[in-house]
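Participant: Please see the structure below; I have some questions.
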Amino acid sequence: MNHLNPLLLTWQLRPLLSQAEGARVINLTSSGRRFARVNLNNLQGERHYVALGNYGAAKLVNLMTIYYWAKSLASEGIAFFAADPGGAATNMTAQMQPGFIPWFMRLLWPLMKLSFGRADPVTSRQKATRSSI
């Protein structure tokens with residue numbers, strides 16, 4: 001699951017973050033989390049795999065972890081935030097194929113890709129970064 005890297009990085013940096021004034025952790029999430037379900041018996045997608053579903057599940061677990069840490073580590077002076085940058089023209093979205101997404105979204109996928117700002121990918125990515133800045 002695409003969750004362990006940010007989890008481990010944040011945990012390893014925790015002692016330094018606790019000592020820093022104004023320390024904050026910003027986790028980028030995705031609206032894909034809204035359609036996700038976390039199946040604890042199929043974390044690696046061995047039994048059933050839909051790329052966007054697994055991506056959304058990882059983002060949902062990231063968000064749940066940020067909520068937990070924000071509450072449980074508040075006494076350490078670390079602020080935790082989650083930001084959804086929205087759709088953007090990135091290499092990931094450019095390479096997505098219909099088979100990566102649930103069947104009900106496949107009809108709308110061409111329209112969704114248009115909303116990601118394909119005409120000007122640089123501006124699209126700059127706009128997407130604003131929520132995390």
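Just remember, in the structure tokens the first chain shown is A, the second B, etc., residues are 1-based per chain, and ligands are 1-based in the order shown.
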Can you tell me which residues surround segment 20-33 of chain A at a distance of at most 8 Å, considering only C-alpha atoms, apart from same-chain residues fewer than 3 positions away, and format the answer as a PyMOL selection string?
Facilitator: chain A and resi 10+16-17+36+52-53+55-60+62-63+66+77-86+132
Participant: Given the choices A:Leu43, A:Val38, A:Thr65, A:Phe100, which gets closest to Leu8 of chain A if the distance is worked out from only C-alpha atoms?
Facilitator: A:Thr65
Participant: From segment 45-91 of chain A, collect each residue whose DSSP state is helix (DSSP H, G or I) and return the set as a list in words.
Facilitator: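 DSSP on the backbone gives helix (DSSP H, G or I) at Ala51, Leu52, Gly53, Asn54, Tyr55, Gly56, Ala57, Ala58, Lys59, Leu60, Val61, Asn62, Leu63, Met64, Thr65, Ile66, Tyr67, Tyr68, Trp69, Ala70, Lys71, Ser72, Ala74, Ser75, Glu76 and Asn91 of chain A.
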